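J.: Here's a structure for you.
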Amino acid sequence: MSTTASDGFFAPRPEDPLAALAALPGVPEAVDSVRRAVDRVYSHRVMRRRSDEVTSEAALRAARGSAALSGADWALEEVRRRSDFSSGAEARAVGAALRLNAEAGQLLSIWVQSPLRVLARLHLVAAGGSGVPDRTVGRPRLAGEPVVEMPGGDMAGPLIEAPLPGADEVAGRLDGLSALIIAASTAPALVTAAVVHGELLALRPFGSYNGLVARAAERVVLIGSGLDPKSVCPAEVGHAELGRAAYVAAFDGYLSGTPDGMAAWITHCGRAVELGVRESTAVCEALQRGAA
C-alpha cells in the first residue's frame with residue numbers, strides 16, 4: 001500500500017491550517033488508530049486475491065449508509081436487488097448514492113487540481129435526472145434558491161437546524177476550501193477528509209443532495225490520499241452505524257469552530273472509517289469462508 005505525505009506526521013507550516021488541526025488533542029491518536037485499522041484490512045489474505053470483490057461490496061454498503069443519512073434508509077438487500085432507482089424520492093436518493101460511489105474513484109487526478117470541478121461533477125452525477133430543475137444541477141446555489149437534501153421527499157436533510165450560509169458566503173468559502181486542497185496540506189488524510197466533509201455539510205452549496213456529495217468528497221480524499229487506494233474502508237457505513245444523532249452532534253462541533261469541537265468532528269470521522277474497516281473485514285472473512 002502506498003504511503004503519502006498525508007499519511008504521516010510532519011511539522012505544520014504556518015500557512016497550513018489543516019496540519020494545525022492534526023495536532024489538536026485526541027486527533028493524533030485517532031489518526032494512528034485509523035491507520036492501524038486500514039493496514040489490518042489491507043493485510044487480510046483475501047485482499048491479495050479478491051480485492052475487487054471487496055471494493056464492490058464496500059461501495060454498495062457505503063451507498064446504502066450515505067443514502068440512509070440523507071433520509072432513504074433501505075435494507076442492504078433491497079439496495080442489492082433493486083435495478084430501477086427512478087421511481088420515488090427515496091429510490092432516486094439511493095440511486096444517486098450508488099452513482100456517486102461509482103464516480104468518486106474516477107475523479108482523483110482532477111480533485112488535486114480543481115476541487116470545484118469535481119464537486120460540480122459530483123452534484124451533476126447525483127442530481128441529474130432526479131427531477132430537480134436542470135438549471136440548478138452542477139453549480140452552487142444562487143441567492144434565494146431553496147435547499148433540500150432529498151428532492152421529492154419530506155425531509156430537508158439531517159442538518160435542517162444548521163444555519164444556511166448565503167450564496168456569497170458559499171462562493172467565498174468554496175474558493176477557500178479549493179485553495180487548501182490545491183496547496184497540498186501536510187495534514188493526515190483523515191483530517192483533510194473530515195474538513196472537506198464538514199465544510200460541505202456546513203455550506204450546503206447545492207440545491208439538493210448536499211449530504212451525499214459531502215460524503216462522496218470525503219471518499220475522494222481518503223482514496224486519493226493513498227490511505228485507502230482500493231476504496232475498501234467505507235466511512236459512510238460507519239457514519240450510518242453511529243447514527244444520525246451522533247452525526248449531527250459531532251457536526252455541531254465542526255460548526256462551533258472551537259478546538260474541542262473540531263477535534264470531536266475529526267475523531268468522529270475517524271471512528272466512522274474504523275467501522276467501515278470492520279465491515280469490509282467481515283466481508284473478507286465471508287469470502288474466505290466461501291472459498292474454503
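Chain lettering (A, B, ...) mirrors the order of the C-alpha cells, residue numbering begins at 1 for each chain separately, and ligand numbering begins at 1 in order of display.
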Would you list, as a ChimeraX atom specification, the residues of region 30-235 of chain A that end up in alpha helix (DSSP H) under DSSP run on this structure's backbone?
T.: /A:30-42,45-69,76-81,89-104,108-111,115-127,167-182,189-203,210-224,235
J.: If we count only C-alpha atoms and set the cut-off at 12 Å, which residues sit around Ser43 (chain A), ignoring sequence neighbours fewer than 5 positions away in its own chain? Please answer as an NGL selection string.
T.: :A and (1 or 36-38 or 48-49 or 51 or 277 or 281 or 284)
J.: Write to file, as a PDB file, in the first residue's frame, the residues of the selection just made, with N, CA and C atoms.
T.:
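Okay, selection_15.pdb is ready:
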```pdb
ATOM      1  N   MET A   1       0.839  -1.187   0.000  1.00  0.00           N
ATOM      2  CA  MET A   1       0.000   0.000   0.000  1.00  0.00           C
ATOM      3  C   MET A   1       0.875   1.238   0.000  1.00  0.00           C
ATOM      4  N   ARG A  36      -3.826   2.098  11.639  1.00  0.00           N
ATOM      5  CA  ARG A  36      -3.647   0.697  12.017  1.00  0.00           C
ATOM      6  C   ARG A  36      -4.798  -0.167  11.525  1.00  0.00           C
ATOM      7  N   ALA A  37      -6.020   0.363  11.638  1.00  0.00           N
ATOM      8  CA  ALA A  37      -7.185  -0.396  11.189  1.00  0.00           C
ATOM      9  C   ALA A  37      -7.130  -0.636   9.683  1.00  0.00           C
ATOM     10  N   VAL A  38      -6.786   0.401   8.926  1.00  0.00           N
ATOM     11  CA  VAL A  38      -6.688   0.263   7.470  1.00  0.00           C
ATOM     12  C   VAL A  38      -5.604  -0.742   7.096  1.00  0.00           C
ATOM     13  N   ARG A  48      -5.429  -9.972  -1.164  1.00  0.00           N
ATOM     14  CA  ARG A  48      -4.392 -10.257  -2.151  1.00  0.00           C
ATOM     15  C   ARG A  48      -4.968 -10.885  -3.416  1.00  0.00           C
ATOM     16  N   ARG A  49      -6.120 -11.517  -3.291  1.00  0.00           N
ATOM     17  CA  ARG A  49      -6.660 -12.250  -4.435  1.00  0.00           C
ATOM     18  C   ARG A  49      -8.024 -11.751  -4.906  1.00  0.00           C
ATOM     19  N   SER A  51      -9.550  -8.492  -4.032  1.00  0.00           N
ATOM     20  CA  SER A  51      -9.795  -7.119  -3.576  1.00  0.00           C
ATOM     21  C   SER A  51     -10.893  -6.431  -4.386  1.00  0.00           C
ATOM     22  N   VAL A 277     -13.954  -0.100   8.104  1.00  0.00           N
ATOM     23  CA  VAL A 277     -12.931  -1.148   8.030  1.00  0.00           C
ATOM     24  C   VAL A 277     -13.471  -2.447   8.610  1.00  0.00           C
ATOM     25  N   THR A 281     -13.734  -5.955   6.718  1.00  0.00           N
ATOM     26  CA  THR A 281     -13.068  -7.131   7.279  1.00  0.00           C
ATOM     27  C   THR A 281     -14.045  -8.306   7.366  1.00  0.00           C
ATOM     28  N   CYS A 284     -14.358  -9.721   3.977  1.00  0.00           N
ATOM     29  CA  CYS A 284     -13.200 -10.573   3.687  1.00  0.00           C
ATOM     30  C   CYS A 284     -13.359 -11.947   4.345  1.00  0.00           C
TER      31      CYS A 284
END
```
J.: Which is closer to Ala19 (chain A) than all the others in A:Met47, A:Leu180, A:Ala126, A:Leu100, using only C-alpha atoms?
T.: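 Looking only at the distances to Ala19 (chain A), the closest residue turns out to be A:Leu180.
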J.: Would you kindly return, as a list in words, each protein, DNA or RNA residue with an atom no farther than 12 Å from any atom of region 75-81 of chain A, considering only C-alpha atoms and excluding same-chain residues fewer than 5 positions away?
T.: Ser56, Glu57, Ala58, Ala59, Leu60, Arg61, Ala62, Ala63, Arg64, Gly65, Ser66, Ala67, Ala68, Glu90, Ala91, Arg92, Ala93, Val94, Gly95, Ala96, Ala97, Leu98 and Val237 of chain A
J.: Which one of A:His239, A:Val283, A:Val191, A:Gly261 sits closest to Val27 (chain A) if you count only C-alpha atoms?
T.: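 Among A:His239, A:Val283, A:Val191, A:Gly261, it is A:Val191 that comes nearest to Val27 (chain A).
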J.: Counting only C-alpha atoms, which of A:Ala286, A:Cys233, A:Val221, A:Ile182 gets nearest to Arg271 (chain A)?
T.: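 For Arg271 (chain A), the nearest of the given residues is A:Cys233.
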J.: Out of A:Leu203, A:Asp73, A:Arg135, A:Pro188, which residue has the shortest atom-to-atom distance to Leu227 (chain A) when counting only C-alpha atoms?
T.: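 Ranking A:Leu203, A:Asp73, A:Arg135, A:Pro188 by distance to Leu227 (chain A), first place goes to A:Pro188.
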J.: Would you pick out the contacts of Gly257 (chain A) at 12 Å or less, using only C-alpha atoms, so that residues sharing its chain but fewer than 4 positions from it are not included, and give the list as a compact mmCIF listing (two decimals) with N, CA, C and O atoms, in the first residue's frame?
T.:
```
# COMPACT_ATOMS: atom_id res chain seq x y z
N LEU A 21 -4.73 21.50 12.67
CA LEU A 21 -5.83 20.71 13.24
C LEU A 21 -5.36 19.32 13.64
O LEU A 21 -5.89 18.72 14.58
N VAL A 195 -12.43 17.64 7.22
CA VAL A 195 -12.68 19.06 6.97
C VAL A 195 -13.46 19.26 5.67
O VAL A 195 -14.40 20.05 5.62
N GLY A 198 -17.02 18.18 6.51
CA GLY A 198 -17.70 19.13 7.37
C GLY A 198 -18.01 20.45 6.70
O GLY A 198 -19.09 21.02 6.88
N GLU A 199 -17.06 20.95 5.91
CA GLU A 199 -17.28 22.24 5.25
C GLU A 199 -18.41 22.16 4.24
O GLU A 199 -19.23 23.08 4.13
N ALA A 202 -21.62 22.14 6.08
CA ALA A 202 -21.92 23.47 6.61
C ALA A 202 -22.44 24.40 5.51
O ALA A 202 -23.39 25.16 5.73
N ALA A 250 -21.73 15.58 16.41
CA ALA A 250 -20.33 15.81 16.03
C ALA A 250 -20.21 16.97 15.06
O ALA A 250 -19.28 17.78 15.16
N PHE A 251 -21.15 17.06 14.13
CA PHE A 251 -21.13 18.17 13.18
C PHE A 251 -21.33 19.51 13.87
O PHE A 251 -20.75 20.52 13.46
N ASP A 252 -22.12 19.53 14.92
CA ASP A 252 -22.26 20.77 15.70
C ASP A 252 -20.90 21.24 16.22
O ASP A 252 -20.63 22.43 16.32
N GLY A 253 -20.04 20.26 16.54
CA GLY A 253 -18.68 20.62 16.96
C GLY A 253 -17.92 21.29 15.83
O GLY A 253 -17.21 22.28 16.05
N GLY A 261 -14.42 21.33 19.48
CA GLY A 261 -15.45 20.93 18.51
C GLY A 261 -14.85 20.34 17.25
O GLY A 261 -15.35 19.32 16.73
N MET A 262 -13.80 20.95 16.76
CA MET A 262 -13.15 20.42 15.57
C MET A 262 -12.54 19.06 15.83
O MET A 262 -12.64 18.13 15.01
N ALA A 263 -11.92 18.90 17.00
CA ALA A 263 -11.34 17.60 17.35
C ALA A 263 -12.42 16.53 17.46
O ALA A 263 -12.23 15.39 17.02
N ALA A 264 -13.57 16.91 18.02
CA ALA A 264 -14.67 15.95 18.15
C ALA A 264 -15.16 15.50 16.78
O ALA A 264 -15.47 14.31 16.57
N TRP A 265 -15.26 16.41 15.83
CA TRP A 265 -15.71 16.05 14.49
C TRP A 265 -14.69 15.16 13.79
O TRP A 265 -15.05 14.15 13.19
N ILE A 266 -13.42 15.49 13.88
CA ILE A 266 -12.39 14.69 13.22
C ILE A 266 -12.33 13.29 13.81
O ILE A 266 -12.25 12.30 13.08
```
J.: Could you tell me which of A:Ala127, A:Ala23, A:Val34, A:Ala104 comes closest to Lys230 (chain A) if we count only C-alpha atoms?
T.: A:Ala104
J.: Suppose you want the space between CA of Gly131 (chain A) and CA of Pro151 (chain A); what is it in Å?
T.: 7.5 Å
J.: Please determine, counting only C-alpha atoms, which residue among A:Trp74, A:Val148, A:Ala143, A:Ala184 has the shortest atom-to-atom distance to Ala167 (chain A).
T.: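 Checking each of A:Trp74, A:Val148, A:Ala143, A:Ala184 against Ala167 (chain A), counting only C-alpha atoms, the winner is A:Ala143.
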J.: Show me, as a list in words, the residues that have an atom within 8 Å of Ser185 (chain A) when counting only C-alpha atoms, minus same-chain residues fewer than 6 positions from it.
T.: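 Those residues are Ser6, Asp16, Leu18, Ala19 and Thr192 of chain A.
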J.: In Å, how far is it from CA of Gly207 (chain A) to CA of Ile181 (chain A)?
T.: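 Calculated distance between CA of Gly207 (chain A) and CA of Ile181 (chain A) is 23.3 Å.
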J.: List as a PyMOL selection string the protein and nucleic acid residues near Ser114 (chain A), meaning an atom at most 8 Å away when only C-alpha atoms are counted, but skip any in the same chain fewer than 4 places from it.
T.: chain A and resi 110+118+178+182
